[in-house]
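Just structure.txt here, compact mmCIF, C-alpha atoms:
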# COMPACT_ATOMS: atom_id res chain seq x y z
CA MET A 150 -78.47 215.90 -63.20
CA SER A 151 -78.98 219.55 -62.27
CA LEU A 152 -78.33 222.51 -64.57
CA GLU A 153 -77.00 225.95 -63.67
CA LEU A 154 -76.94 228.74 -66.24
CA SER A 155 -75.67 232.21 -65.40
CA ALA A 156 -74.63 234.01 -68.53
CA GLU A 157 -74.58 237.29 -70.42
CA VAL A 158 -74.86 237.91 -74.16
CA PRO A 159 -74.66 241.74 -74.35
CA GLU A 160 -75.27 241.99 -78.10
CA ARG A 161 -78.65 240.30 -77.56
CA GLY A 162 -79.46 242.11 -74.32
CA VAL A 163 -79.57 238.81 -72.44
CA HIS A 164 -78.50 238.25 -68.83
CA VAL A 165 -80.09 235.07 -67.51
CA GLU A 166 -79.75 233.02 -64.35
CA ILE A 167 -81.54 229.69 -64.47
CA HIS A 168 -81.48 226.66 -62.19
CA VAL A 169 -83.02 223.33 -63.14
CA PRO A 170 -83.03 220.67 -60.39
CA GLY A 171 -82.11 217.14 -61.39
CA GLY A 172 -85.00 215.06 -62.70
CA ARG A 173 -87.27 218.08 -63.25
CA THR A 174 -88.68 219.75 -66.35
CA VAL A 175 -88.63 223.55 -66.52
CA ALA A 176 -90.60 225.58 -69.07
CA LEU A 177 -89.15 228.84 -70.38
CA ILE A 178 -91.91 231.19 -71.51
CA GLY A 179 -91.90 234.80 -72.63
CA PRO A 180 -92.68 237.06 -75.58
CA ASN A 181 -90.76 236.84 -78.84
CA GLY A 182 -87.25 238.22 -78.40
CA ALA A 183 -87.23 237.64 -74.64
CA GLY A 184 -84.13 235.44 -74.78
CA LYS A 185 -85.61 231.93 -74.68
CA SER A 186 -83.81 230.61 -77.76
CA THR A 187 -80.62 232.31 -76.65
CA ALA A 188 -80.82 230.48 -73.33
CA LEU A 189 -81.21 227.14 -75.13
CA SER A 190 -78.27 227.94 -77.39
CA LEU A 191 -76.09 228.76 -74.39
CA ILE A 192 -77.00 225.45 -72.75
CA ALA A 193 -76.61 223.37 -75.91
CA GLY A 194 -73.26 224.94 -76.76
CA THR A 195 -74.12 226.57 -80.06
CA LEU A 196 -73.54 230.00 -78.49
CA ARG A 197 -70.72 231.07 -76.20
CA PRO A 198 -71.50 233.60 -73.46
CA ALA A 199 -69.50 236.79 -73.13
CA ARG A 200 -69.52 236.26 -69.37
CA GLY A 201 -70.88 233.60 -67.05
CA ARG A 202 -70.96 229.83 -66.86
CA VAL A 203 -72.95 226.74 -67.72
CA VAL A 204 -72.73 223.81 -65.29
CA LEU A 205 -74.39 220.41 -65.75
CA ASP A 206 -74.30 217.94 -62.86
CA GLY A 207 -71.24 219.65 -61.41
CA THR A 208 -69.34 219.66 -64.72
CA VAL A 209 -68.48 223.09 -66.10
CA LEU A 210 -69.50 223.17 -69.76
CA ALA A 211 -68.59 226.81 -70.33
CA ASP A 212 -66.95 229.66 -68.45
CA GLU A 213 -64.14 232.11 -69.17
CA HIS A 214 -61.58 229.27 -69.13
CA THR A 215 -63.61 226.25 -70.25
CA TRP A 216 -65.51 225.35 -73.41
CA ILE A 217 -66.93 221.89 -74.04
CA PRO A 218 -68.20 221.57 -77.63
CA VAL A 219 -71.72 220.52 -78.53
CA HIS A 220 -70.93 216.89 -79.41
CA HIS A 221 -69.28 216.25 -76.03
CA ARG A 222 -72.05 217.66 -73.83
CA ARG A 223 -74.53 214.76 -74.16
CA ILE A 224 -77.36 217.25 -74.50
CA THR A 225 -80.11 216.52 -77.01
CA THR A 226 -82.35 219.16 -78.60
CA LEU A 227 -85.85 218.43 -79.91
CA SER A 228 -87.42 221.13 -82.04
CA GLN A 229 -90.65 221.50 -84.00
CA ASP A 230 -88.73 220.25 -87.06
CA PRO A 231 -87.77 216.59 -86.47
CA VAL A 232 -84.53 217.03 -88.51
CA LEU A 233 -84.33 213.38 -89.54
CA PHE A 234 -81.70 212.11 -91.95
CA PRO A 235 -83.68 211.79 -95.20
CA HIS A 236 -81.48 209.00 -96.64
CA LEU A 237 -81.80 206.76 -93.55
CA THR A 238 -84.67 204.54 -92.51
CA VAL A 239 -86.54 205.12 -89.27
CA ARG A 240 -84.51 202.34 -87.64
CA ASP A 241 -81.20 203.81 -88.78
CA ASN A 242 -82.21 207.32 -87.66
CA VAL A 243 -82.89 206.04 -84.15
CA ARG A 244 -79.72 203.94 -84.14
CA PHE A 245 -77.48 206.75 -85.40
CA PRO A 246 -76.60 208.43 -82.05
CA LEU A 247 -75.83 205.05 -80.47
CA ARG A 248 -73.35 204.13 -83.16
CA ALA A 249 -71.90 207.66 -83.08
CA GLN A 250 -71.24 207.16 -79.36
CA GLY A 251 -69.41 203.92 -80.08
CA VAL A 252 -72.08 201.62 -78.65
CA PRO A 253 -71.40 198.04 -79.87
CA ARG A 254 -73.52 197.01 -82.85
CA ARG A 255 -75.53 194.30 -81.06
CA ARG A 256 -76.39 196.48 -78.09
CA ALA A 257 -77.21 199.43 -80.38
CA GLN A 258 -79.64 197.21 -82.28
CA GLN A 259 -81.31 196.09 -79.05
CA GLU A 260 -81.66 199.67 -77.78
CA THR A 261 -83.01 200.83 -81.13
CA THR A 262 -85.67 198.13 -81.15
CA ARG A 263 -86.62 198.98 -77.57
CA TRP A 264 -87.22 202.64 -78.37
CA LEU A 265 -89.07 201.82 -81.58
CA GLU A 266 -91.41 199.67 -79.51
CA GLU A 267 -91.76 202.35 -76.80
CA LEU A 268 -92.86 204.94 -79.38
CA ASP A 269 -95.01 202.47 -81.36
CA LEU A 270 -92.75 202.81 -84.40
CA LEU A 271 -91.67 199.23 -85.03
CA HIS A 272 -94.07 198.85 -87.95
CA LEU A 273 -92.50 201.94 -89.55
CA ALA A 274 -88.89 200.87 -88.98
CA GLU A 275 -87.97 200.46 -92.65
CA ARG A 276 -89.66 203.61 -93.92
CA ARG A 277 -87.80 206.78 -94.80
CA PRO A 278 -88.75 210.20 -93.39
CA SER A 279 -90.50 211.22 -96.62
CA GLN A 280 -92.98 208.39 -96.04
CA LEU A 281 -93.97 209.57 -92.55
CA SER A 282 -96.66 211.92 -91.28
CA GLY A 283 -95.68 214.89 -89.12
CA GLY A 284 -96.65 213.11 -85.92
CA GLN A 285 -94.79 209.94 -86.91
CA ALA A 286 -91.65 211.91 -87.77
CA GLN A 287 -91.75 213.70 -84.42
CA ARG A 288 -92.07 210.37 -82.62
CA VAL A 289 -88.98 209.15 -84.47
CA ALA A 290 -87.12 212.29 -83.36
CA ILE A 291 -88.16 211.61 -79.74
CA ALA A 292 -87.04 207.97 -79.99
CA ARG A 293 -83.68 209.06 -81.40
CA ALA A 294 -83.24 211.64 -78.66
CA LEU A 295 -84.02 209.18 -75.87
CA ALA A 296 -81.91 206.41 -77.41
CA ALA A 297 -78.89 208.70 -77.07
CA ASP A 298 -79.39 208.61 -73.28
CA PRO A 299 -78.76 212.38 -72.93
CA ARG A 300 -77.87 214.00 -69.64
CA LEU A 301 -80.23 216.85 -70.51
CA ILE A 302 -83.06 217.24 -73.02
CA LEU A 303 -83.87 220.62 -74.58
CA LEU A 304 -87.26 220.99 -76.26
CA ASP A 305 -87.88 223.97 -78.52
CA GLU A 306 -91.60 224.23 -79.39
CA PRO A 307 -91.79 220.43 -79.95
CA MET A 308 -95.56 220.43 -80.67
CA ALA A 309 -95.79 223.62 -82.71
CA ALA A 310 -95.84 221.99 -86.15
CA LEU A 311 -98.20 219.13 -85.28
CA ASP A 312 -101.87 218.86 -86.18
CA ILE A 313 -104.25 219.65 -83.35
CA ASP A 314 -105.52 216.06 -83.31
CA VAL A 315 -101.99 214.60 -83.05
CA ALA A 316 -100.40 216.88 -80.43
CA PRO A 317 -102.41 215.78 -77.33
CA ALA A 318 -101.48 212.09 -77.60
CA LEU A 319 -97.81 212.86 -78.29
CA ARG A 320 -97.75 215.36 -75.43
CA GLU A 321 -99.00 212.70 -73.01
CA GLN A 322 -96.46 210.22 -74.34
CA LEU A 323 -93.65 212.73 -73.97
CA ARG A 324 -94.69 213.48 -70.40
CA GLY A 325 -94.12 209.84 -69.49
CA PHE A 326 -90.68 209.78 -71.08
CA LEU A 327 -89.60 213.02 -69.37
CA ALA A 328 -90.54 211.76 -65.91
CA GLY A 329 -87.38 211.64 -63.81
CA ARG A 330 -85.27 213.27 -66.55
CA THR A 331 -83.81 216.76 -66.54
CA ALA A 332 -85.31 218.87 -69.30
CA VAL A 333 -85.88 222.46 -70.43
CA ILE A 334 -88.79 223.28 -72.74
CA VAL A 335 -89.42 226.51 -74.63
CA THR A 336 -93.08 226.89 -75.53
CA HIS A 337 -95.86 229.31 -76.37
CA ASP A 338 -98.50 226.68 -75.58
CA VAL A 339 -99.98 226.69 -72.09
CA LEU A 340 -100.83 222.98 -72.47
CA ASP A 341 -97.14 222.14 -72.94
CA ALA A 342 -96.30 223.97 -69.73
CA LEU A 343 -99.16 222.41 -67.74
CA THR A 344 -98.59 218.89 -69.05
CA LEU A 345 -94.80 218.68 -69.23
CA ALA A 346 -93.27 221.18 -66.80
CA ASP A 347 -92.88 221.11 -63.02
CA HIS A 348 -91.60 224.69 -62.93
CA VAL A 349 -92.04 227.79 -65.10
CA ILE A 350 -89.54 230.61 -65.71
CA VAL A 351 -90.78 233.79 -67.37
CA LEU A 352 -88.27 235.75 -69.46
CA GLU A 353 -88.78 239.32 -70.62
CA GLN A 354 -86.16 241.51 -72.29
CA GLY A 355 -83.41 238.99 -71.55
CA ARG A 356 -84.11 238.77 -67.81
CA VAL A 357 -85.97 236.36 -65.52
CA VAL A 358 -88.98 238.30 -64.24
CA GLU A 359 -90.93 235.51 -62.57
CA GLU A 360 -90.57 231.83 -61.71
CA GLY A 361 -92.18 229.16 -59.61
CA PRO A 362 -94.17 225.91 -59.71
CA THR A 363 -96.18 225.72 -62.92
CA THR A 364 -99.65 225.61 -61.38
CA GLU A 365 -98.81 228.45 -58.99
CA VAL A 366 -97.42 230.79 -61.65
CA LEU A 367 -100.33 230.14 -64.01
CA ALA A 368 -102.97 230.48 -61.30
CA ARG A 369 -101.44 233.58 -59.69
CA PRO A 370 -99.23 235.25 -62.31
CA GLY A 371 -97.02 238.13 -61.32
CA SER A 372 -96.24 239.40 -64.80
CA ALA A 373 -98.42 240.56 -67.68
CA PHE A 374 -97.01 237.91 -70.02
CA ALA A 375 -97.62 235.03 -67.60
CA ALA A 376 -101.19 236.24 -67.19
CA ARG A 377 -101.78 236.32 -70.95
CA PHE A 378 -100.11 232.91 -71.28
CA ALA A 379 -102.50 231.51 -68.69
CA GLY A 380 -105.50 233.18 -70.34
CA LEU A 381 -106.05 235.63 -67.49
CA ASN A 382 -106.37 239.36 -67.06
CA LEU A 383 -103.95 240.84 -64.54
CA ILE A 384 -104.15 244.29 -62.99
CA THR A 385 -102.40 245.77 -59.97
CA GLY A 386 -103.55 248.35 -57.48
CA ALA A 387 -103.65 249.47 -53.86
CA LEU A 388 -106.34 248.05 -51.56
CA GLU A 389 -108.77 250.61 -50.18
CA ASP A 390 -112.31 249.98 -48.86
CA GLY A 391 -112.57 246.46 -50.32
CA ALA A 392 -111.41 247.42 -53.80
CA LEU A 393 -108.19 247.93 -55.73
CA GLN A 394 -107.63 251.56 -56.61
CA LEU A 395 -106.01 251.47 -60.03
CA PRO A 396 -103.24 253.84 -61.16
CA GLY A 397 -105.09 254.79 -64.34
CA GLY A 398 -108.37 255.44 -62.55
CA GLY A 399 -111.26 253.21 -61.57
CA HIS A 400 -111.47 250.56 -58.93
CA LEU A 401 -112.00 246.79 -58.83
CA PRO A 402 -113.86 245.10 -55.94
CA VAL A 403 -111.87 242.20 -54.45
CA ARG A 404 -111.94 239.85 -51.47
CA SER A 405 -108.81 240.29 -49.36
CA ASP A 406 -107.75 240.37 -45.73
CA ALA A 407 -104.71 242.49 -46.55
CA ALA A 408 -104.15 245.79 -44.78
CA PRO A 409 -105.40 249.00 -46.45
CA GLY A 410 -102.79 250.42 -48.80
CA THR A 411 -101.34 247.01 -49.65
CA THR A 412 -100.42 246.60 -53.31
CA LEU A 413 -102.14 243.53 -54.75
CA HIS A 414 -102.40 241.70 -58.04
CA ALA A 415 -105.89 240.78 -59.24
CA ALA A 416 -106.38 237.98 -61.77
CA PHE A 417 -109.62 237.09 -63.52
CA ARG A 418 -110.75 235.37 -66.69
CA PRO A 419 -111.97 237.27 -69.77
CA ALA A 420 -115.23 235.29 -69.54
CA SER A 421 -115.88 236.91 -66.15
CA VAL A 422 -115.82 240.43 -67.60
CA HIS A 423 -119.10 242.11 -68.52
CA LEU A 424 -120.24 245.48 -69.83
CA VAL A 425 -121.83 248.09 -67.55
CA ASP A 426 -123.11 251.61 -68.07
CA GLU A 427 -120.47 254.32 -68.11
CA ASP A 428 -121.74 255.85 -64.89
CA ALA A 429 -121.43 252.56 -62.95
CA GLN A 430 -119.34 253.04 -59.80
CA ALA A 431 -117.54 249.69 -60.19
CA GLY A 432 -116.76 250.12 -63.87
CA LEU A 433 -113.36 250.23 -65.54
CA PRO A 434 -113.35 252.74 -68.42
CA ARG A 435 -111.42 251.43 -71.40
CA THR A 436 -111.06 251.82 -75.17
CA VAL A 437 -111.64 248.89 -77.53
CA ARG A 438 -108.49 247.98 -79.44
CA THR A 439 -109.50 244.80 -81.31
CA LEU A 440 -112.40 242.38 -81.68
CA SER A 441 -111.94 238.76 -82.75
CA PRO A 442 -113.96 235.52 -82.74
CA HIS A 443 -113.47 233.36 -79.66
CA GLY A 444 -115.61 230.24 -79.90
CA ASP A 445 -119.23 231.37 -79.81
CA LEU A 446 -118.19 234.66 -78.19
CA VAL A 447 -116.23 237.72 -79.27
CA ARG A 448 -112.96 238.56 -77.56
CA VAL A 449 -112.70 242.28 -77.01
CA ARG A 450 -109.23 243.60 -76.19
CA THR A 451 -108.66 246.98 -74.62
CA GLU A 452 -105.46 248.69 -73.46
CA ASP A 453 -104.82 246.09 -70.76
CA LEU A 454 -107.88 243.85 -70.44
CA ALA A 455 -109.66 241.17 -72.46
CA ALA A 456 -113.37 240.41 -72.28
CA ASP A 457 -115.28 237.55 -73.87
CA LEU A 458 -118.67 238.99 -74.77
CA ALA A 459 -121.78 237.72 -76.53
CA PRO A 460 -122.16 238.83 -80.16
CA GLN A 461 -125.54 240.38 -79.34
CA ASP A 462 -123.90 242.63 -76.73
CA ILE A 463 -121.34 243.75 -79.29
CA ALA A 464 -124.08 244.51 -81.82
CA ALA A 465 -126.36 246.26 -79.31
CA ARG A 466 -123.60 248.71 -78.36
CA HIS A 467 -122.15 249.01 -81.88
CA LEU A 468 -118.68 248.20 -80.56
CA GLU A 469 -115.69 248.61 -82.86
CA PRO A 470 -112.03 249.55 -82.46
CA GLY A 471 -111.92 252.97 -80.81
CA SER A 472 -115.25 252.57 -78.96
CA ARG A 473 -115.31 253.56 -75.30
CA VAL A 474 -116.59 250.85 -72.95
CA CYS A 475 -117.01 250.37 -69.22
CA LEU A 476 -116.04 246.90 -67.98
CA ALA A 477 -116.77 245.24 -64.66
CA VAL A 478 -116.03 242.00 -62.84
CA SER A 479 -117.85 240.50 -59.90
CA ARG A 480 -115.86 240.37 -56.69
CA GLU A 481 -116.40 236.58 -56.54
CA ASP A 482 -114.62 236.10 -59.88
CA VAL A 483 -111.43 237.90 -58.88
CA THR A 484 -108.41 236.30 -57.22
CA ALA A 485 -106.40 238.89 -55.29
CA TYR A 486 -102.90 238.20 -53.94
CA GLY A 487 -99.71 239.97 -52.97
CA ALA A 488 -97.81 241.76 -55.69
Any chance you could give the structure as structure tokens?
Amino acid sequence: MSLELSAEVPERGVHVEIHVPGGRTVALIGPNGAGKSTALSLIAGTLRPARGRVVLDGTVLADEHTWIPVHHRRITTLSQDPVLFPHLTVRDNVRFPLRAQGVPRRRAQQETTRWLEELDLLHLAERRPSQLSGGQAQRVAIARALAADPRLILLDEPMAALDIDVAPALREQLRGFLAGRTAVIVTHDVLDALTLADHVIVLEQGRVVEEGPTTEVLARPGSAFAARFAGLNLITGALEDGALQLPGGGHLPVRSDAAPGTTLHAAFRPASVHLVDEDAQAGLPRTVRTLSPHGDLVRVRTEDLAADLAPQDIAARHLEPGSRVCLAVSREDVTAYGA
């Protein structure tokens, strides 16, 4: 059940081309305003493209001559708000899409019971949404979505509103249900991408700027946003004498067999960054922008880098926004790869 989206929405500055193979889950990531929600709306049918087409399993859902409305697409959307019918019980909420599709009453009841059991909701079947916790309500929404037997599932920040102690278990449960199904997930949570998605697409300013297998993109990001999403620093420079010569000055030692002059990306974790004296040859001169708690460390952000430093180092150097620092990373802690 593959998906092809190639569409333009000029008033939103969006021109996207997305392919989702059948039976795979793709994560759309990107900064706010990048076009992620617009892409979901184009697929779901709540937004019509100015130009382009949407094709699901060979069926054209939208192009310049065709428009299939939302309720005929058999696409289900799960968002951070479960959007349950408040006047219906849990059982009736899950049964609703089956009856709406004309499924016979007896079979609809059997399917409803099956999905209530799958999501461990049978003991809550007669409750109304107001009597449910956030995690329980989201499980009901998932059961309802799966009971509808959709051709495609769209997930828009499905874990965003859940408590931190509820999300992990539901995420694992959802991973099992998505196996073998075609799905697109929009998320700002790296755990959603790593747990649920086979493939990641990075959107910036309405365009696809990077895509690939999830583990590959997050281990070797090619865009600044993907690096931040993965919790990495990313800088780019030309290889000379075993180090990247950076456009803004400074150099970063790396391990690479690439030819001199090759442009490379270098990725490294904030925890690998340390302070050095300003006259250090391997230092990267930067200006502190912000300081914030990060576990038992302090995350220091500069123009383009983040460093997780010990509080005593911050105090010893009297660091504050505007302070000049010199940062360094050991060659062994840097992953260098083609840009």
Within 10 Å of (-116.4, 242.1, -71.3), in the coordinates the file gives, what residues turn up when you count only C-alpha atoms, written out as a ChimeraX atom specification? /A:418-425,447-451,454-459,462-463,474-478
Find the residues near Glu157 in chain A: any atom within 9 Å, counting all atoms listed in the file, skip ones fewer than 5 places away on the same chain, and give them as a PyMOL selection string. chain A and resi 162-165+198-201
Find the residue from A:Arg248, A:Arg435, A:Arg330, A:Arg356 that sits nearest to Leu301 in chain A; use all atoms listed in the file when measuring. A:Arg330
Might you pull out every residue within 10 Å of range 249-253 of chain A, with only C-alpha atoms counted and same-chain residues fewer than 5 positions away left off, and present them as a PDB file with C-alpha atoms, keeping the file's coordinate frame?
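As a result, result20.pdb now contains:
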ATOM      1  CA  HIS A 220     -70.930 216.890 -79.410  1.00  0.00           C
ATOM      2  CA  HIS A 221     -69.280 216.250 -76.030  1.00  0.00           C
ATOM      3  CA  ARG A 223     -74.530 214.760 -74.160  1.00  0.00           C
ATOM      4  CA  ARG A 244     -79.720 203.940 -84.140  1.00  0.00           C
ATOM      5  CA  GLN A 258     -79.640 197.210 -82.280  1.00  0.00           C
ATOM      6  CA  GLU A 260     -81.660 199.670 -77.780  1.00  0.00           C
ATOM      7  CA  ALA A 297     -78.890 208.700 -77.070  1.00  0.00           C
TER       8      ALA A 297
END
Which neighbours of Gly371 in chain A fall inside 12 Å, counting all atoms listed in the file, when residues of the same chain fewer than 5 positions from it are skipped, and could you give them as a tab-separated table (two decimals) with C-alpha atoms, in the coordinates of the input?
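The result, written out as around_19.tsv:
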chain	number	residue	atom	x	y	z
A	350	ILE	CA	-89.54	230.61	-65.71
A	351	VAL	CA	-90.78	233.79	-67.37
A	357	VAL	CA	-85.97	236.36	-65.52
A	358	VAL	CA	-88.98	238.30	-64.24
A	359	GLU	CA	-90.93	235.51	-62.57
A	360	GLU	CA	-90.57	231.83	-61.71
A	361	GLY	CA	-92.18	229.16	-59.61
A	365	GLU	CA	-98.81	228.45	-58.99
A	366	VAL	CA	-97.42	230.79	-61.65
A	376	ALA	CA	-101.19	236.24	-67.19
A	377	ARG	CA	-101.78	236.32	-70.95
A	378	PHE	CA	-100.11	232.91	-71.28
A	379	ALA	CA	-102.50	231.51	-68.69
A	381	LEU	CA	-106.05	235.63	-67.49
A	382	ASN	CA	-106.37	239.36	-67.06
A	383	LEU	CA	-103.95	240.84	-64.54
A	384	ILE	CA	-104.15	244.29	-62.99
A	385	THR	CA	-102.40	245.77	-59.97
A	413	LEU	CA	-102.14	243.53	-54.75
A	414	HIS	CA	-102.40	241.70	-58.04
A	415	ALA	CA	-105.89	240.78	-59.24
A	416	ALA	CA	-106.38	237.98	-61.77
A	485	ALA	CA	-106.40	238.89	-55.29
A	486	TYR	CA	-102.90	238.20	-53.94
A	487	GLY	CA	-99.71	239.97	-52.97
A	488	ALA	CA	-97.81	241.76	-55.69
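For the choices A:Leu303, A:Ala274, A:Leu227, A:Ala310, the atom-to-atom distance to Val169 in chain A is smallest for A:Leu303 when using only C-alpha atoms.
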Using all atoms listed in the file, find each residue in range 333-406 of chain A having at least one atom no more than 8 Å away from range 314-326 of chain A; report its shortest atom-to-atom pair and that distance in Å (one decimal), rows by chain then rising number, as JSON lines.
{"residue": "A:Asp341", "atom": "CA", "partner": "A:Arg320", "partner_atom": "CA", "distance": 7.2}
{"residue": "A:Thr344", "atom": "CA", "partner": "A:Arg324", "partner_atom": "CA", "distance": 6.8}
{"residue": "A:Leu345", "atom": "CA", "partner": "A:Arg324", "partner_atom": "CA", "distance": 5.3}
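The residue that comes closest to Ala346 in chain A, out of A:Ile291, A:Leu154, A:Ala176, A:Ala368 and on the basis of all atoms listed in the file, is A:Ala176.
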Counting all atoms listed in the file, the residue of A:Arg222, A:Arg369, A:His272, A:Arg255 that sits nearest Asp298 in chain A: A:Arg222
Could you tell me how far CA of Asp453 in chain A sits from CA of Leu440 in chain A, in Å to one decimal place? 13.8 Å
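Between CA of Glu166 in chain A and CA of Gly182 in chain A the interatomic distance comes to 16.8 Å.
The spacing separating CA of Phe374 in chain A from CA of Pro442 in chain A amounts to 21.3 Å.
With distances restricted to all atoms listed in the file, A:Leu304 is the closest residue to Ala193 in chain A from A:Leu304, A:Val158, A:Val403, A:Leu270.
Distances here use all atoms listed in the file; by that measure, the residue among A:Ser186, A:Val219, A:Arg240, A:Pro434 closest to Glu266 in chain A is A:Arg240.
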